[in-house]
file final39.tsv (TSV, C-alpha atoms and all ligand atoms)
chain	number	residue	atom	x	y	z
A	20	MET	CA	0.00	0.00	0.00
A	21	ASN	CA	2.90	2.35	0.81
A	22	HIS	CA	4.24	1.72	-2.64
A	23	PHE	CA	0.88	2.67	-4.13
A	24	LEU	CA	0.68	5.87	-2.04
A	25	SER	CA	4.18	6.92	-3.04
A	26	LYS	CA	3.20	6.43	-6.71
A	27	ILE	CA	0.16	8.63	-6.22
A	28	LYS	CA	2.23	11.19	-4.32
A	29	GLY	CA	4.85	11.20	-7.10
A	30	GLY	CA	2.13	11.61	-9.70
A	31	LEU	CA	0.47	14.47	-7.81
A	32	SER	CA	3.69	16.38	-7.20
A	33	GLY	CA	4.46	16.03	-10.92
A	34	PHE	CA	0.98	17.23	-11.75
A	35	PHE	CA	1.29	20.37	-9.64
A	36	SER	CA	4.79	21.12	-10.90
A	37	PHE	CA	3.57	21.02	-14.49
A	38	ILE	CA	0.81	23.50	-13.65
A	39	ALA	CA	3.36	25.83	-12.06
A	40	ASP	CA	6.09	25.60	-14.67
A	41	GLU	CA	5.48	23.11	-17.42
A	42	ARG	CA	8.48	22.40	-19.62
A	43	CYS	CA	8.37	20.42	-22.87
A	44	LEU	CA	8.98	16.73	-22.18
A	45	GLY	CA	11.01	16.44	-25.38
A	46	CYS	CA	13.63	19.18	-24.97
A	47	GLY	CA	13.08	20.42	-21.42
A	48	ARG	CA	13.52	24.03	-22.60
A	49	GLU	CA	10.35	25.32	-24.26
A	50	SER	CA	7.12	25.72	-22.33
A	51	GLY	CA	4.13	23.46	-22.88
A	52	PHE	CA	3.71	19.68	-22.66
A	53	ILE	CA	5.32	19.06	-26.08
A	54	CYS	CA	6.69	22.16	-27.86
A	55	LYS	CA	6.23	22.89	-31.58
A	56	ASN	CA	9.72	21.77	-32.49
A	57	CYS	CA	9.43	18.44	-30.63
A	58	TYR	CA	5.91	17.97	-32.02
A	59	SER	CA	7.36	18.11	-35.53
A	60	LYS	CA	9.65	15.14	-34.69
A	61	ILE	CA	6.80	12.84	-33.65
A	62	THR	CA	6.04	9.97	-36.04
A	63	PHE	CA	2.33	9.63	-36.64
A	64	ASN	CA	0.95	6.36	-37.94
A	65	LYS	CA	-0.57	7.72	-41.15
A	66	ASN	CA	-0.87	4.88	-43.64
A	67	PHE	CA	-1.75	1.68	-41.84
A	68	CYS	CA	-3.47	-1.70	-42.07
A	69	CYS	CA	-7.21	-1.20	-41.52
A	70	TYR	CA	-7.34	-4.27	-39.25
A	71	CYS	CA	-4.25	-4.12	-37.04
A	72	ALA	CA	-2.86	-0.56	-37.71
A	73	TYR	CA	0.51	-1.96	-38.80
A	74	PRO	CA	2.25	0.94	-40.58
A	75	LEU	CA	2.43	0.54	-44.36
A	76	PRO	CA	4.74	2.50	-46.71
A	77	ASP	CA	3.09	5.69	-48.01
A	78	SER	CA	3.77	4.56	-51.56
A	79	ILE	CA	1.64	1.45	-51.12
A	80	GLU	CA	-2.03	2.02	-51.68
A	81	LYS	CA	-3.26	-1.12	-50.02
A	82	SER	CA	-5.02	-1.13	-46.71
A	83	ILE	CA	-4.34	-4.64	-45.39
A	84	CYS	CA	-0.98	-5.93	-44.16
A	85	GLY	CA	0.37	-9.36	-45.12
A	86	SER	CA	-0.31	-10.83	-41.72
A	87	CYS	CA	-4.02	-9.84	-41.71
A	88	LEU	CA	-4.39	-10.99	-45.34
A	89	ASN	CA	-3.05	-14.34	-44.22
A	90	SER	CA	-5.24	-14.61	-41.17
A	91	LYS	CA	-8.11	-12.14	-40.71
A	92	PRO	CA	-8.29	-10.87	-37.11
A	93	LEU	CA	-11.43	-11.28	-34.99
A	94	PHE	CA	-11.56	-7.52	-34.36
A	95	SER	CA	-12.78	-5.19	-37.12
A	96	LYS	CA	-10.45	-2.19	-37.00
A	97	THR	CA	-7.52	-0.74	-35.06
A	98	VAL	CA	-6.63	2.91	-34.55
A	99	ALA	CA	-3.14	3.64	-33.14
A	100	PRO	CA	-2.19	7.29	-33.83
A	101	PHE	CA	1.53	7.18	-32.93
A	102	ILE	CA	4.46	4.98	-33.85
A	103	TYR	CA	6.12	3.82	-30.60
A	104	GLU	CA	9.41	5.72	-30.78
A	105	GLY	CA	11.12	8.99	-29.78
A	106	ILE	CA	9.37	11.39	-27.40
A	107	VAL	CA	6.09	9.49	-27.42
A	108	ARG	CA	7.87	6.29	-26.36
A	109	GLU	CA	9.62	8.19	-23.53
A	110	ILE	CA	6.31	9.70	-22.38
A	111	LEU	CA	4.55	6.34	-22.38
A	112	LEU	CA	7.37	4.62	-20.47
A	113	SER	CA	7.32	7.40	-17.87
A	114	ALA	CA	3.52	7.32	-17.60
A	115	LYS	CA	3.49	3.56	-17.15
A	116	PHE	CA	6.52	2.90	-14.95
A	117	SER	CA	7.34	6.18	-13.15
A	118	GLY	CA	3.95	7.15	-11.77
A	119	ASN	CA	3.38	10.00	-14.26
A	120	TYR	CA	-0.07	8.73	-15.13
A	121	TYR	CA	-1.43	12.22	-15.83
A	122	TYR	CA	0.66	12.24	-19.04
A	123	TYR	CA	-2.08	10.14	-20.67
A	124	GLU	CA	-4.64	12.89	-20.28
A	125	ARG	CA	-2.15	15.54	-21.42
A	126	LEU	CA	-1.31	13.49	-24.51
A	127	ILE	CA	-4.96	12.89	-25.40
A	128	ASN	CA	-5.78	16.59	-24.91
A	129	GLN	CA	-2.86	17.87	-26.94
A	130	PHE	CA	-3.49	15.51	-29.86
A	131	TRP	CA	-7.27	15.32	-29.69
A	132	ASP	CA	-7.84	16.79	-33.17
A	133	GLU	CA	-5.76	13.99	-34.74
A	134	PHE	CA	-7.33	11.32	-32.52
A	135	GLU	CA	-10.88	12.50	-33.13
A	136	ASN	CA	-10.41	12.33	-36.86
A	137	LEU	CA	-9.18	8.72	-36.68
A	138	LEU	CA	-11.83	7.72	-34.14
A	139	LYS	CA	-14.64	8.65	-36.53
A	140	ALA	CA	-14.23	5.05	-37.75
A	141	PHE	CA	-15.64	3.93	-34.35
A	142	PHE	CA	-18.70	6.22	-34.40
A	143	ASP	CA	-21.18	3.38	-33.82
A	144	ALA	CA	-19.35	1.85	-30.82
A	145	GLU	CA	-21.51	1.85	-27.70
A	146	VAL	CA	-19.03	1.34	-24.90
A	147	ILE	CA	-15.30	1.38	-24.06
A	148	VAL	CA	-13.49	-1.48	-22.29
A	149	PRO	CA	-9.81	-1.36	-21.22
A	150	VAL	CA	-7.45	-4.34	-21.37
A	151	PRO	CA	-7.19	-5.40	-17.71
A	152	LEU	CA	-4.03	-5.93	-15.65
A	153	SER	CA	-3.53	-8.92	-13.40
A	154	ARG	CA	-4.25	-8.24	-9.72
A	155	LYS	CA	-0.55	-8.58	-8.87
A	156	ARG	CA	0.53	-6.06	-11.55
A	157	LEU	CA	-2.27	-3.66	-10.55
A	158	ILE	CA	-1.10	-3.68	-6.93
A	159	GLU	CA	2.54	-3.16	-7.98
A	160	ARG	CA	1.78	-0.27	-10.36
A	161	GLY	CA	-1.14	1.25	-8.50
A	162	TYR	CA	-3.14	1.91	-11.67
A	163	ASN	CA	-4.09	0.29	-14.94
A	164	GLN	CA	-2.71	2.45	-17.75
A	165	ALA	CA	-5.31	1.13	-20.23
A	166	GLY	CA	-8.07	1.98	-17.72
A	167	LEU	CA	-6.86	5.59	-17.47
A	168	ILE	CA	-6.67	5.99	-21.25
A	169	ALA	CA	-10.15	4.45	-21.53
A	170	LYS	CA	-11.53	6.93	-18.97
A	171	TYR	CA	-10.11	9.98	-20.78
A	172	LEU	CA	-11.34	8.64	-24.10
A	173	SER	CA	-14.77	8.07	-22.60
A	174	LYS	CA	-14.95	11.74	-21.56
A	175	LYS	CA	-13.91	12.92	-25.01
A	176	LEU	CA	-16.15	10.57	-27.01
A	177	ASN	CA	-19.05	10.78	-24.58
A	178	LYS	CA	-19.37	7.00	-24.51
A	179	PRO	CA	-19.48	5.00	-21.25
A	180	VAL	CA	-16.53	2.96	-20.02
A	181	ILE	CA	-16.82	-0.39	-18.23
A	182	LEU	CA	-13.67	-0.73	-16.13
A	183	SER	CA	-14.46	-4.11	-14.61
A	184	ALA	CA	-15.81	-6.01	-17.60
A	185	LEU	CA	-12.81	-8.30	-17.84
A	186	SER	CA	-10.17	-9.72	-15.56
A	187	LYS	CA	-6.72	-11.10	-16.22
A	188	THR	CA	-6.65	-14.33	-14.32
A	189	ILE	CA	-3.21	-15.62	-15.30
A	190	GLU	CA	0.02	-13.86	-14.35
A	191	THR	CA	1.88	-13.78	-17.67
A	192	LYS	CA	5.45	-12.76	-18.55
A	193	PRO	CA	5.69	-9.16	-19.85
A	194	GLN	CA	4.95	-9.33	-23.60
A	195	SER	CA	7.81	-6.89	-24.27
A	196	GLN	CA	10.33	-9.58	-23.26
A	197	LEU	CA	9.04	-12.14	-25.77
A	198	GLY	CA	9.27	-12.90	-29.48
A	199	GLU	CA	6.26	-12.84	-31.80
A	200	ARG	CA	5.23	-16.49	-31.53
A	201	GLU	CA	5.81	-16.62	-27.76
A	202	ARG	CA	3.56	-13.58	-27.25
A	203	HIS	CA	0.52	-15.48	-28.53
A	204	SER	CA	1.11	-18.55	-26.36
A	205	ASN	CA	2.03	-16.39	-23.33
A	206	ILE	CA	-1.29	-14.52	-23.34
A	207	LYS	CA	-3.54	-17.45	-24.40
A	208	ASN	CA	-6.58	-17.89	-22.11
A	209	ALA	CA	-5.28	-15.18	-19.74
A	210	PHE	CA	-8.56	-13.19	-19.69
A	211	CYS	CA	-12.11	-13.88	-18.63
A	212	LEU	CA	-15.39	-12.01	-18.66
A	213	LYS	CA	-16.44	-10.79	-15.21
A	214	LYS	CA	-19.92	-9.60	-16.06
A	215	THR	CA	-22.47	-9.94	-18.85
A	216	ILE	CA	-22.00	-7.33	-21.53
A	217	ASN	CA	-25.22	-6.13	-23.08
A	218	PHE	CA	-23.60	-4.17	-25.87
A	219	SER	CA	-23.06	-5.11	-29.46
A	220	LYS	CA	-20.15	-2.87	-30.48
A	221	ILE	CA	-17.18	-2.23	-28.20
A	222	ILE	CA	-13.89	-0.31	-28.26
A	223	ILE	CA	-11.03	-2.12	-26.49
A	224	VAL	CA	-8.33	0.24	-25.22
A	225	ASP	CA	-4.62	-0.37	-24.61
A	226	ASP	CA	-1.48	1.78	-24.50
A	227	ILE	CA	0.78	-0.04	-26.98
A	228	ILE	CA	0.10	-2.68	-29.61
A	229	THR	CA	2.91	-4.76	-31.03
A	230	THR	CA	1.64	-8.07	-32.37
A	231	SER	CA	-2.07	-7.63	-31.45
A	232	ALA	CA	-1.77	-10.88	-29.43
A	233	THR	CA	-3.30	-9.31	-26.29
A	234	VAL	CA	-6.18	-7.52	-28.03
A	235	SER	CA	-6.91	-10.65	-30.10
A	236	GLU	CA	-7.26	-12.66	-26.90
A	237	VAL	CA	-9.52	-10.01	-25.31
A	238	THR	CA	-11.63	-9.89	-28.49
A	239	LYS	CA	-12.06	-13.68	-28.36
A	240	VAL	CA	-13.42	-13.46	-24.80
A	241	LEU	CA	-15.79	-10.56	-25.62
A	242	LYS	CA	-17.13	-12.29	-28.74
A	243	LYS	CA	-17.74	-15.49	-26.78
A	244	GLY	CA	-19.69	-13.28	-24.38
A	245	GLY	CA	-22.00	-12.14	-27.18
A	246	VAL	CA	-20.35	-8.94	-28.46
A	247	ASN	CA	-20.74	-8.60	-32.24
A	248	GLU	CA	-18.09	-6.14	-33.23
A	249	VAL	CA	-14.82	-5.12	-31.57
A	250	TYR	CA	-12.71	-2.06	-32.39
A	251	ILE	CA	-9.23	-1.46	-30.96
A	252	PHE	CA	-7.79	1.86	-29.82
A	253	SER	CA	-4.16	2.02	-28.76
A	254	LEU	CA	-2.10	5.18	-28.28
A	255	CYS	CA	0.87	3.60	-30.06
A	256	ARG	CA	1.73	1.00	-32.66
A	257	ALA	CA	5.10	-0.63	-32.12
A	258	VAL	CA	6.75	-2.09	-35.18
A	259	PHE	CA	7.83	-5.64	-34.55
A	301	ZN	ZN	10.50	20.58	-26.98
A	302	ZN	ZN	-2.80	-5.95	-40.35
call {"tool": "encode", "arguments": {"input": "final39.tsv", "output": "structure tokens", "more": "lines below"}}
Ligand SMILES: [Zn+2]
Ligand SMILES: [Zn+2]
result
Amino acid sequence: MNHFLSKIKGGLSGFFSFIADERCLGCGRESGFICKNCYSKITFNKNFCCYCAYPLPDSIEKSICGSCLNSKPLFSKTVAPFIYEGIVREILLSAKFSGNYYYYERLINQFWDEFENLLKAFFDAEVIVPVPLSRKRLIERGYNQAGLIAKYLSKKLNKPVILSALSKTIETKPQSQLGERERHSNIKNAFCLKKTINFSKIIIVDDIITTSATVSEVTKVLKKGGVNEVYIFSLCRAVF
């Protein structure tokens, strides 16, 4: 519990210091969350696979990546506005592991115009559901990063969020430490539905997508529970 309180305390002191004297997280010199110059260095995911948001070369006018052509995912669409690199990667690592959880809201606010445009593809979704953390990881970290992103998105999109729809019942190895094939077997059957979901179209939220193994597994559980259509929103797309 002390660990959790210190995380909250760290987050709050960071929050108040940014109100008093916010410096750009990229360069540390200019004012604002991300200054104009650092903004221009961010890589947006502009041309991507309509299923899994894997970035595709601008010159290629196809909308499905090789992997999804080979095996069509259970979910319908993915939106992941940033490529996981540079300043955005640093911000997400700090938000997830250093208690700076308020960065998620700052990021969503600063880039809302871009996000909103991409999220038009999810206009008919009825509810937002975050990817859950295991109980052990939640106690260690003090918060579920996907839950926070889902809450801010819910405010912006004016759609309800169900924070406790799913649970992660198996303690898995961190996906970031594994290769592509291992990620699928690592996460297999790790989630279960905690309550009946009376919605047909759902947005699943996560912070980073790499192989889509986690969101595929969550989609499987939701579809078994009667959900018809699943969309995925992730802040970042990592390139595997
Ligand atoms: Zn800067
Ligand atoms: Zn794809």
call {"tool": "closest_residue", "arguments": {"input": "final39.tsv", "among": "A:Thr188, A:Thr238, A:Ser153, A:Asn208", "to": "Lys220 of chain A", "atoms": "only C-alpha atoms"}}
result
A:Thr238
call {"tool": "residues_near_point", "arguments": {"input": "final39.tsv", "point": "(2.5, -12.8, -24.9)", "cutoff": "12 Å", "atoms": "only C-alpha atoms", "output": "tab-separated table (two decimals) with C-alpha atoms, keeping the file's coordinate frame"}}
result
chain	number	residue	atom	x	y	z
A	189	ILE	CA	-3.21	-15.62	-15.30
A	190	GLU	CA	0.02	-13.86	-14.35
A	191	THR	CA	1.88	-13.78	-17.67
A	192	LYS	CA	5.45	-12.76	-18.55
A	193	PRO	CA	5.69	-9.16	-19.85
A	194	GLN	CA	4.95	-9.33	-23.60
A	195	SER	CA	7.81	-6.89	-24.27
A	196	GLN	CA	10.33	-9.58	-23.26
A	197	LEU	CA	9.04	-12.14	-25.77
A	198	GLY	CA	9.27	-12.90	-29.48
A	199	GLU	CA	6.26	-12.84	-31.80
A	200	ARG	CA	5.23	-16.49	-31.53
A	201	GLU	CA	5.81	-16.62	-27.76
A	202	ARG	CA	3.56	-13.58	-27.25
A	203	HIS	CA	0.52	-15.48	-28.53
A	204	SER	CA	1.11	-18.55	-26.36
A	205	ASN	CA	2.03	-16.39	-23.33
A	206	ILE	CA	-1.29	-14.52	-23.34
A	207	LYS	CA	-3.54	-17.45	-24.40
A	208	ASN	CA	-6.58	-17.89	-22.11
A	209	ALA	CA	-5.28	-15.18	-19.74
A	228	ILE	CA	0.10	-2.68	-29.61
A	229	THR	CA	2.91	-4.76	-31.03
A	230	THR	CA	1.64	-8.07	-32.37
A	231	SER	CA	-2.07	-7.63	-31.45
A	232	ALA	CA	-1.77	-10.88	-29.43
A	233	THR	CA	-3.30	-9.31	-26.29
A	234	VAL	CA	-6.18	-7.52	-28.03
A	235	SER	CA	-6.91	-10.65	-30.10
A	236	GLU	CA	-7.26	-12.66	-26.90
call {"tool": "atom_distance", "arguments": {"input": "final39.tsv", "atom1": "atom CA of Ile223 of chain A", "atom2": "atom CA of Ile251 of chain A"}}
result
4.9 Å
call {"tool": "residues_around", "arguments": {"input": "final39.tsv", "residues": "Val249 of chain A", "least_positions_apart": "6", "cutoff": "12 Å", "atoms": "all atoms listed in the file", "output": "PyMOL selection string"}}
result
chain A and resi 70-71+92-98+140-141+143-148+218-224+234-243
call {"tool": "residues_near_ligand", "arguments": {"input": "final39.tsv", "ligand": "ligand ZN 302 (chain A)", "cutoff": "7 Å", "atoms": "all atoms listed in the file", "output": "mmCIF file with C-alpha atoms, keeping the file's coordinate frame"}}
result
data_model
loop_
_atom_site.group_PDB
_atom_site.id
_atom_site.type_symbol
_atom_site.label_atom_id
_atom_site.label_comp_id
_atom_site.auth_asym_id
_atom_site.auth_seq_id
_atom_site.Cartn_x
_atom_site.Cartn_y
_atom_site.Cartn_z
ATOM 1 C CA CYS A 68 -3.470 -1.700 -42.070
ATOM 2 C CA CYS A 69 -7.210 -1.200 -41.520
ATOM 3 C CA TYR A 70 -7.340 -4.270 -39.250
ATOM 4 C CA CYS A 71 -4.250 -4.120 -37.040
ATOM 5 C CA ALA A 72 -2.860 -0.560 -37.710
ATOM 6 C CA TYR A 73 0.510 -1.960 -38.800
ATOM 7 C CA ILE A 83 -4.340 -4.640 -45.390
ATOM 8 C CA CYS A 84 -0.980 -5.930 -44.160
ATOM 9 C CA GLY A 85 0.370 -9.360 -45.120
ATOM 10 C CA SER A 86 -0.310 -10.830 -41.720
ATOM 11 C CA CYS A 87 -4.020 -9.840 -41.710
#
call {"tool": "residues_around", "arguments": {"input": "final39.tsv", "residues": "segment 54-60 of chain A", "least_positions_apart": "5", "cutoff": "12 Å", "atoms": "all atoms listed in the file", "output": "list in words"}}
result
Glu41, Arg42, Cys43, Leu44, Gly45, Cys46, Gly47, Arg48, Glu49, Phe101, Ile102, Glu104, Gly105, Ile106, Val107, Leu126, Gln129 and Phe130 of chain A
call {"tool": "residues_near_point", "arguments": {"input": "final39.tsv", "point": "(4.5, 7.2, -39.4)", "cutoff": "7 Å", "atoms": "all atoms listed in the file", "output": "PyMOL selection string"}}
result
chain A and resi 62-65+74+102
call {"tool": "closest_residue", "arguments": {"input": "final39.tsv", "among": "A:Val150, A:Ile181, A:Ala165, A:Ile53", "to": "ligand ZN 301 (chain A)", "atoms": "all atoms listed in the file"}}
result
A:Ile53
call {"tool": "decode", "arguments": {"input": "final39.tsv", "residues": "segment 163-200 of chain A", "atoms": "C-alpha atoms", "output": "tab-separated table (two decimals), in the first residue's frame"}}
result
chain	number	residue	atom	x	y	z
A	163	ASN	CA	-4.09	0.29	-14.94
A	164	GLN	CA	-2.71	2.45	-17.75
A	165	ALA	CA	-5.31	1.13	-20.23
A	166	GLY	CA	-8.07	1.98	-17.72
A	167	LEU	CA	-6.86	5.59	-17.47
A	168	ILE	CA	-6.67	5.99	-21.25
A	169	ALA	CA	-10.15	4.45	-21.53
A	170	LYS	CA	-11.53	6.93	-18.97
A	171	TYR	CA	-10.11	9.98	-20.78
A	172	LEU	CA	-11.34	8.64	-24.10
A	173	SER	CA	-14.77	8.07	-22.60
A	174	LYS	CA	-14.95	11.74	-21.56
A	175	LYS	CA	-13.91	12.92	-25.01
A	176	LEU	CA	-16.15	10.57	-27.01
A	177	ASN	CA	-19.05	10.78	-24.58
A	178	LYS	CA	-19.37	7.00	-24.51
A	179	PRO	CA	-19.48	5.00	-21.25
A	180	VAL	CA	-16.53	2.96	-20.02
A	181	ILE	CA	-16.82	-0.39	-18.23
A	182	LEU	CA	-13.67	-0.73	-16.13
A	183	SER	CA	-14.46	-4.11	-14.61
A	184	ALA	CA	-15.81	-6.01	-17.60
A	185	LEU	CA	-12.81	-8.30	-17.84
A	186	SER	CA	-10.17	-9.72	-15.56
A	187	LYS	CA	-6.72	-11.10	-16.22
A	188	THR	CA	-6.65	-14.33	-14.32
A	189	ILE	CA	-3.21	-15.62	-15.30
A	190	GLU	CA	0.02	-13.86	-14.35
A	191	THR	CA	1.88	-13.78	-17.67
A	192	LYS	CA	5.45	-12.76	-18.55
A	193	PRO	CA	5.69	-9.16	-19.85
A	194	GLN	CA	4.95	-9.33	-23.60
A	195	SER	CA	7.81	-6.89	-24.27
A	196	GLN	CA	10.33	-9.58	-23.26
A	197	LEU	CA	9.04	-12.14	-25.77
A	198	GLY	CA	9.27	-12.90	-29.48
A	199	GLU	CA	6.26	-12.84	-31.80
A	200	ARG	CA	5.23	-16.49	-31.53
